[in-house]
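First up is the structure itself, then whatever we jot down about it.
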Amino acid sequence: MYLAIREMRFAKVRYSLIAAIMLLVAFLVLFVSGLAKGLAYDNAASIQNRQATHFIMEKDSNARFTRSLVGEQVSERASTIVGEENVQPLGVKMTTVTAEGTAAKLDVTVLAVRPEGWLMPAVTEGAVIDSQSEGQAIVDDKLKDSGVGLGTVIVDQASGLKWEVAGFVSDESFSHSPAVFISGRDWQQLQASAAVRPGGVEEAEAGSNSTNYNAIAVKGDTDQARQLAAALPDAEVVTKTAAVSAIPGYKEEQGSLLMMIVFLFVISAVVLMVFFYVITIQKSSQLGILKAIGTRTVYLAKSVTLQVLFLSAGSLMISVLLVQAVEALLPSGMPFRLPASTLALTCGSFIVMSLIGSLLSVWKVIRVDPLDAIGRSAL
Amino acid sequence: MRHRLILRNITQTFEDGGMHRTVLDHLNLQVAEGELVAVMGPSGSGKSTFLSIAGALLEPTGGDVLLDGESIIGKEKQELADMRLHKLGFIFQSANLIPYLKVEEQLLLIAKLGGMDNSRASGRARGLLHKLGLSQRLSAYPEKLSGGERQRVAIGRALMMDPAVLLADEPTASLDASRGMDVVQMLACEAREMGKCVVMVTHDERVLTLCDRVLYLKNGRLTENG
């Protein structure tokens with residue numbers, strides 16, 4: 001402690017420079033982490049926020065909602081295994097709508113759920129819908145920015161179906177597009193309208209009285225999931241995590257951001273390693289003197305580690321403040337999210353990486369021989 | 001008379017390119033308290049090895065070193081470090097102060113390592129530095145000091161834990177004649193006043209008059225006459 005602090009006080013410029021580099025790296029790490037988290041949320045919130053543990057999808061749909069189509073009978077079979085209250089159908093359709101009275105087109109994802117079921121998010125503004133309601137929708141409040149309000153009628157471009165906005169939910173989106181929740185009845189119409197188009201899904205045509213959904217959401221444990229998979233050979237049971245990563249663009253987005261974060265961590269460790277190694281080599285004769293006059297090696301090793309800790313914790317603290325300031329300044333549409341858990345994890349990893357970076361110097365400190373303090377030319 | 005430093009039958013051999021080289025050959029030395037001993041010898045005679053062994057930095061191939069009656073043989077590295085801290089004071093060729101510590105802190109560091117409490121340490125450091133004529137320079141960094149001042153700080157640092165033995169490795173090498181004399185004078189003074197034994201390896205013949213004994217390292221042994 002005594003040595004570590006006094007050395008930093010003496011060589012202010014040197015240590016400030018390295019602190020500045022650390023600060024920039026730490027800031028970037030935090031910012032990219034926030035962005036990754038924000039994008040993930042923006043991309044998958046509507047699946048992530050659901051209470052389901054698994055989704056039953058059609059075989060060979062590769063865990064993608066939009067590729068899968070499952071009928072009522074799957075839902076019934078699932079009910080017998082995990083219980084009716086733990087099964088909910090989910091319809092997913094990415095489409096383009098226009099708000100009546102405006103010309104702007106909006107990309108949205110229509111999510112069909114049982115309005116009373118546990119897939120329906122809590123309405124933050126306006127009224128709830130029920131399964132009897134027709135032509136009504138609960139939409140994500142991001143659509144407010146596009147001029148959608150309570151009572152606005154939105155028109156589906158492909159089918160011409162109209163829904164009146166009855167209420168809003170917040171933070172609901174799928175593949176970066178705002179979510180529009182509709183009831184099963186409207187979904188049925190939407191499916192029927194799709195089926196009349198040439199090249200539409202055959203099954204929808206065939207079973208016009210039974211509604212097809214994209215997936216069946218299930219609440220159950222791994223054991224039940226295994227039973228489901230066995231009972232439904234024509235379907236695949238995917239976990240929520242797998243379903244989330246299969247959302248178009250999700251894996252790619254998160255993968256590249258994660259790679260950046262990992263690289264930044266490695267860079268911070270290497271920068272610290274090189275800096276402290278060079279400094280330690282530079283002062284190795286001094287370390288020899290200190291050892292010769294009776295300083296324990298542990299004390300010197302602690303001293304280096306403490307300096308590394310001090311620098312990384314200091315620059316981390318400043319960059320956390322910076323990132324929070326930047327977060328406040330960012331426009332609301334920017335997908336940026338840095339919850340306390342991510343912040344703590346990122347900071348923790350940063351400290352661990354810097355400690356790893358200090359290992360080389362510690363090893364060097366241990367290796368210094370106090371004998372070098374005495375001119376060994378006589379040997 | 002108490003002997004605070006005793007080297008008994010010290011032998012040191014090195015493996016050098018397959019050749020067996022004996023640097024120290026049954027070397028004996030006893031230094032009493034209050035005594036300043038100068039050790040001279042041409043380069044290559046084993047002065048550094050002698051100092052390293054007397055300074056508990058190197059365990060000899062054979063023989064025994066007693067510091068205040070305690071042997072350094074068979075000790076762990078940490079125990080040796082503690083012995084060096086408490087029983088020995090080193091003064092190196094070119095002061096070798098820690099560049100980022102102020103004069104007073106050079107001494108306080110040693111106190112801290114030795115677990116001396118703060119108020120006592122600061123009193124002792126000031127007392128020593130006053131005696132060494134450095135009261136005006138307590139908060140100067142080593143780079144601002146003259147060579148003589150640095151060497152005096154080094155003496156203060158060596159004395160901080162009140163060691164039994166002071167070992168000086170050519171302390172006057174980087175000083176001019178009069179400052180060199182001053183430094184050795186101080187060492188002799190310390191030895192006498194505080195009952196320490198001082199061993200000084202030197203090339204500097206001018207300072208020999210201040211020493212109680214002058215020994216020559218020859219053929220791995222210490223002898224009285226060159």
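By order in the structure tokens, chains are A, B, ...; within a chain, residues start at 1; ligands start at 1, following the order shown.
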> Can you list, as a PyMOL selection string, every protein, DNA or RNA residue that comes within 10 Å of Arg2 in chain B when you count only C-alpha atoms, leaving out same-chain residues fewer than 4 positions away?
Replying inline: chain B and resi 30-34+68-69+195+197
>> Give me, as a ChimeraX atom specification, the residues of range 120-247 of chain A that a backbone DSSP run labels strand (DSSP E or B).
In response: /A:125-126,136-140,153-156,162-169,173-174,177-182,213,215-218,235-239
Okay, now the selection with N, CA and C atoms, as a compact mmCIF listing (two decimals), in the first residue's frame?
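Dumped everything to result_34.txt:
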```txt
# COMPACT_ATOMS: atom_id res chain seq x y z
N GLU A 125 -51.84 1.18 -20.66
CA GLU A 125 -52.68 2.34 -20.94
C GLU A 125 -53.85 1.87 -21.79
N GLY A 126 -55.05 2.38 -21.55
CA GLY A 126 -56.21 1.97 -22.34
C GLY A 126 -56.89 0.76 -21.72
N GLN A 136 -59.97 -5.48 -32.44
CA GLN A 136 -59.30 -4.64 -31.46
C GLN A 136 -57.89 -5.17 -31.23
N ALA A 137 -57.00 -4.27 -30.91
CA ALA A 137 -55.61 -4.68 -30.71
C ALA A 137 -54.99 -3.90 -29.55
N ILE A 138 -54.03 -4.55 -28.92
CA ILE A 138 -53.21 -3.88 -27.90
C ILE A 138 -51.82 -3.74 -28.54
N VAL A 139 -51.30 -2.54 -28.61
CA VAL A 139 -50.04 -2.36 -29.35
C VAL A 139 -48.94 -1.82 -28.44
N ASP A 140 -47.72 -1.99 -28.92
CA ASP A 140 -46.57 -1.52 -28.18
C ASP A 140 -46.53 0.01 -28.22
N VAL A 153 -57.19 3.45 -35.86
CA VAL A 153 -57.43 2.19 -36.56
C VAL A 153 -56.21 1.89 -37.41
N ILE A 154 -55.66 0.68 -37.23
CA ILE A 154 -54.53 0.31 -38.07
C ILE A 154 -54.98 -0.75 -39.07
N VAL A 155 -54.47 -0.64 -40.27
CA VAL A 155 -54.91 -1.51 -41.36
C VAL A 155 -53.75 -2.40 -41.79
N ASP A 156 -54.04 -3.72 -41.81
CA ASP A 156 -53.01 -4.65 -42.27
C ASP A 156 -52.93 -4.56 -43.78
N LYS A 162 -58.76 -4.59 -40.35
CA LYS A 162 -58.59 -3.37 -39.56
C LYS A 162 -58.72 -3.69 -38.08
N TRP A 163 -57.84 -3.08 -37.29
CA TRP A 163 -57.95 -3.24 -35.84
C TRP A 163 -57.90 -1.87 -35.20
N GLU A 164 -58.70 -1.71 -34.20
CA GLU A 164 -58.71 -0.44 -33.48
C GLU A 164 -57.80 -0.60 -32.25
N VAL A 165 -56.96 0.37 -32.02
CA VAL A 165 -56.05 0.29 -30.88
C VAL A 165 -56.83 0.51 -29.59
N ALA A 166 -56.92 -0.53 -28.77
CA ALA A 166 -57.68 -0.43 -27.53
C ALA A 166 -56.79 -0.08 -26.36
N GLY A 167 -55.53 -0.47 -26.44
CA GLY A 167 -54.63 -0.20 -25.31
C GLY A 167 -53.19 -0.32 -25.72
N PHE A 168 -52.33 0.07 -24.80
CA PHE A 168 -50.89 0.00 -25.06
C PHE A 168 -50.19 -0.91 -24.05
N VAL A 169 -49.13 -1.51 -24.51
CA VAL A 169 -48.21 -2.22 -23.59
C VAL A 169 -46.84 -1.60 -23.83
N SER A 173 -41.65 -6.20 -28.33
CA SER A 173 -41.27 -6.20 -29.74
C SER A 173 -40.74 -7.57 -30.14
N PHE A 174 -40.76 -7.81 -31.43
CA PHE A 174 -40.28 -9.07 -31.98
C PHE A 174 -39.48 -8.72 -33.22
N SER A 177 -39.39 -5.19 -34.41
CA SER A 177 -40.59 -4.47 -34.80
C SER A 177 -41.58 -4.47 -33.63
N PRO A 178 -42.34 -3.40 -33.47
CA PRO A 178 -43.26 -3.32 -32.33
C PRO A 178 -44.33 -4.41 -32.43
N ALA A 179 -44.79 -4.85 -31.28
CA ALA A 179 -45.76 -5.95 -31.25
C ALA A 179 -47.18 -5.41 -31.28
N VAL A 180 -48.04 -6.16 -31.95
CA VAL A 180 -49.47 -5.86 -31.97
C VAL A 180 -50.18 -7.12 -31.50
N PHE A 181 -50.84 -7.04 -30.33
CA PHE A 181 -51.50 -8.23 -29.79
C PHE A 181 -52.96 -8.24 -30.22
N ILE A 182 -53.37 -9.38 -30.79
CA ILE A 182 -54.78 -9.51 -31.18
C ILE A 182 -55.33 -10.81 -30.58
N TYR A 213 -51.86 -22.13 -35.33
CA TYR A 213 -51.00 -21.14 -34.69
C TYR A 213 -49.56 -21.44 -35.10
N ALA A 215 -46.99 -21.53 -32.78
CA ALA A 215 -46.34 -22.31 -31.73
C ALA A 215 -47.29 -22.46 -30.57
N ILE A 216 -47.03 -23.45 -29.75
CA ILE A 216 -47.79 -23.62 -28.52
C ILE A 216 -46.83 -23.32 -27.37
N ALA A 217 -47.16 -22.32 -26.59
CA ALA A 217 -46.31 -21.97 -25.45
C ALA A 217 -46.68 -22.88 -24.29
N VAL A 218 -45.65 -23.36 -23.59
CA VAL A 218 -45.86 -24.35 -22.53
C VAL A 218 -45.10 -23.91 -21.29
N ALA A 235 -43.59 -32.81 -33.98
CA ALA A 235 -43.33 -31.43 -33.51
C ALA A 235 -41.97 -31.39 -32.84
N GLU A 236 -41.43 -30.21 -32.68
CA GLU A 236 -40.22 -30.11 -31.87
C GLU A 236 -40.48 -29.20 -30.69
N VAL A 237 -39.90 -29.58 -29.57
CA VAL A 237 -40.08 -28.79 -28.36
C VAL A 237 -38.80 -27.99 -28.16
N VAL A 238 -38.91 -26.68 -28.23
CA VAL A 238 -37.69 -25.87 -28.08
C VAL A 238 -37.78 -25.03 -26.81
N THR A 239 -36.64 -24.82 -26.21
CA THR A 239 -36.62 -23.99 -24.99
C THR A 239 -36.79 -22.54 -25.39
```
> Within 12 Å of chain B, which residues of chain A show up when using only C-alpha atoms, listed as JSON, numbers by chain?
Replying inline: {"A": [1, 2, 3, 4, 5, 6, 7, 8, 9, 10, 11, 12, 283, 284, 285, 286, 287, 288, 289, 290, 291, 292, 293, 294, 295, 296, 297, 298, 299, 300, 366, 369, 370, 371, 372, 373, 374, 375, 376, 377, 378, 379]}
How about saving the chosen residues, C-alpha atoms kept, as a PDB file, in the first residue's frame?
```pdb
ATOM      1  CA  MET A   1       0.000   0.000   0.000  1.00  0.00           C
ATOM      2  CA  TYR A   2       2.665   2.415   1.152  1.00  0.00           C
ATOM      3  CA  LEU A   3       4.848   1.847  -1.891  1.00  0.00           C
ATOM      4  CA  ALA A   4       2.045   1.412  -4.418  1.00  0.00           C
ATOM      5  CA  ILE A   5       0.398   4.732  -3.703  1.00  0.00           C
ATOM      6  CA  ARG A   6       3.598   6.715  -3.421  1.00  0.00           C
ATOM      7  CA  GLU A   7       4.861   5.374  -6.705  1.00  0.00           C
ATOM      8  CA  MET A   8       1.670   6.402  -8.476  1.00  0.00           C
ATOM      9  CA  ARG A   9       1.857   9.818  -6.831  1.00  0.00           C
ATOM     10  CA  PHE A  10       5.413  10.244  -8.075  1.00  0.00           C
ATOM     11  CA  ALA A  11       4.794   9.093 -11.656  1.00  0.00           C
ATOM     12  CA  LYS A  12       1.466  10.822 -12.138  1.00  0.00           C
ATOM     13  CA  LYS A 283      12.499  -1.137 -11.873  1.00  0.00           C
ATOM     14  CA  SER A 284      13.784  -4.653 -11.360  1.00  0.00           C
ATOM     15  CA  SER A 285      17.066  -3.436  -9.846  1.00  0.00           C
ATOM     16  CA  GLN A 286      15.048  -1.335  -7.449  1.00  0.00           C
ATOM     17  CA  LEU A 287      13.001  -4.389  -6.538  1.00  0.00           C
ATOM     18  CA  GLY A 288      16.261  -6.235  -5.921  1.00  0.00           C
ATOM     19  CA  ILE A 289      17.333  -3.518  -3.500  1.00  0.00           C
ATOM     20  CA  LEU A 290      14.002  -3.655  -1.716  1.00  0.00           C
ATOM     21  CA  LYS A 291      14.299  -7.398  -1.361  1.00  0.00           C
ATOM     22  CA  ALA A 292      17.895  -7.111  -0.179  1.00  0.00           C
ATOM     23  CA  ILE A 293      16.987  -4.709   2.598  1.00  0.00           C
ATOM     24  CA  GLY A 294      14.383  -7.155   3.809  1.00  0.00           C
ATOM     25  CA  THR A 295      11.132  -6.523   1.937  1.00  0.00           C
ATOM     26  CA  ARG A 296       9.133  -9.699   1.564  1.00  0.00           C
ATOM     27  CA  THR A 297       8.272 -10.739  -1.980  1.00  0.00           C
ATOM     28  CA  VAL A 298       4.599 -10.998  -1.025  1.00  0.00           C
ATOM     29  CA  TYR A 299       4.598  -7.329  -0.101  1.00  0.00           C
ATOM     30  CA  LEU A 300       6.013  -6.328  -3.489  1.00  0.00           C
ATOM     31  CA  ILE A 366       8.801 -12.957  -7.699  1.00  0.00           C
ATOM     32  CA  ASP A 369      16.824 -11.920  -7.109  1.00  0.00           C
ATOM     33  CA  PRO A 370      17.963  -9.769  -4.200  1.00  0.00           C
ATOM     34  CA  LEU A 371      21.518 -10.884  -4.968  1.00  0.00           C
ATOM     35  CA  ASP A 372      21.458  -8.544  -7.969  1.00  0.00           C
ATOM     36  CA  ALA A 373      21.522  -5.656  -5.550  1.00  0.00           C
ATOM     37  CA  ILE A 374      25.164  -6.370  -4.814  1.00  0.00           C
ATOM     38  CA  GLY A 375      27.504  -5.931  -7.767  1.00  0.00           C
ATOM     39  CA  ARG A 376      28.052  -9.466  -8.927  1.00  0.00           C
ATOM     40  CA  SER A 377      30.887  -8.617 -11.268  1.00  0.00           C
ATOM     41  CA  ALA A 378      33.237 -10.324  -8.833  1.00  0.00           C
ATOM     42  CA  LEU A 379      31.778 -13.759  -9.472  1.00  0.00           C
TER      43      LEU A 379
END
```
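For range 36-39 of chain B, the non-local neighbours within 8 Å, defined as residues at least 5 positions apart in the same chain or in other chains and counting only C-alpha atoms, are Val31, Lys47, Leu187, Ala188, Ala191, Cys197, Val198, Val199, Met200, Val201, Thr202, Leu208, Cys211, Asp212, Arg213, Val214, Leu215, Tyr216 and Leu217 of chain B.
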Resulting file, chosen residues, C-alpha atoms, as a PDB file, in the first residue's frame:
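So result_25.pdb came out as:
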```pdb
ATOM      1  CA  VAL B  31      33.512  -8.513  14.129  1.00  0.00           C
ATOM      2  CA  LYS B  47      34.250  -9.450  -2.277  1.00  0.00           C
ATOM      3  CA  LEU B 187      29.765   4.926   9.776  1.00  0.00           C
ATOM      4  CA  ALA B 188      32.650   4.726  12.247  1.00  0.00           C
ATOM      5  CA  ALA B 191      29.576   1.759  15.077  1.00  0.00           C
ATOM      6  CA  CYS B 197      29.687  -3.777  13.819  1.00  0.00           C
ATOM      7  CA  VAL B 198      30.359  -2.369  10.407  1.00  0.00           C
ATOM      8  CA  VAL B 199      31.907  -4.244   7.513  1.00  0.00           C
ATOM      9  CA  MET B 200      32.847  -2.106   4.562  1.00  0.00           C
ATOM     10  CA  VAL B 201      34.075  -3.453   1.263  1.00  0.00           C
ATOM     11  CA  THR B 202      36.094  -0.721  -0.362  1.00  0.00           C
ATOM     12  CA  LEU B 208      41.307   3.254   5.692  1.00  0.00           C
ATOM     13  CA  CYS B 211      38.854   1.904  10.167  1.00  0.00           C
ATOM     14  CA  ASP B 212      39.691  -0.214  13.176  1.00  0.00           C
ATOM     15  CA  ARG B 213      40.930  -3.093  11.072  1.00  0.00           C
ATOM     16  CA  VAL B 214      41.783  -3.524   7.417  1.00  0.00           C
ATOM     17  CA  LEU B 215      41.509  -7.006   5.939  1.00  0.00           C
ATOM     18  CA  TYR B 216      42.477  -8.232   2.496  1.00  0.00           C
ATOM     19  CA  LEU B 217      40.561 -10.879   0.628  1.00  0.00           C
TER      20      LEU B 217
END
```
>> I'd like the neighbourhood of Gly249 in chain A as a PyMOL selection string, where a residue qualifies if any of its atoms comes within 10 Å (using only C-alpha atoms), though same-chain residues fewer than 4 positions away should be ignored.
In response: chain A and resi 40+43+175-176+245+253-255
Store the residues picked out above, limited to N, CA and C atoms, as a compact mmCIF listing (two decimals), in the first residue's frame.
```
# COMPACT_ATOMS: atom_id res chain seq x y z
N ALA A 40 -30.80 -6.88 -27.80
CA ALA A 40 -31.40 -8.18 -27.50
C ALA A 40 -32.82 -7.97 -27.03
N ASN A 43 -35.07 -6.81 -29.75
CA ASN A 43 -35.29 -7.87 -30.72
C ASN A 43 -36.28 -8.91 -30.20
N SER A 175 -38.24 -9.21 -33.27
CA SER A 175 -37.36 -8.92 -34.38
C SER A 175 -37.33 -7.43 -34.70
N HIS A 176 -37.13 -6.62 -33.65
CA HIS A 176 -37.02 -5.17 -33.75
C HIS A 176 -38.27 -4.45 -34.23
N SER A 245 -33.00 -17.19 -29.60
CA SER A 245 -31.84 -17.04 -30.50
C SER A 245 -32.19 -17.33 -31.94
N GLU A 253 -26.58 -10.70 -34.42
CA GLU A 253 -26.40 -9.44 -33.73
C GLU A 253 -25.63 -9.64 -32.42
N GLN A 254 -26.14 -10.56 -31.61
CA GLN A 254 -25.54 -10.79 -30.30
C GLN A 254 -24.15 -11.36 -30.43
N GLY A 255 -23.97 -12.23 -31.44
CA GLY A 255 -22.67 -12.85 -31.65
C GLY A 255 -21.60 -11.83 -31.94
```
> At what distance in Å, to one decimal, does CA of Ala20 in chain A lie from CA of Ile261 in chain A?
Replying inline: 18.6 Å
>> Would you compute the distance between CA of Met353 in chain A and CA of Met273 in chain A? Give it in Å to one decimal.
In response: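 One can read the CA of Met353 in chain A to CA of Met273 in chain A distance as 9.9 Å.
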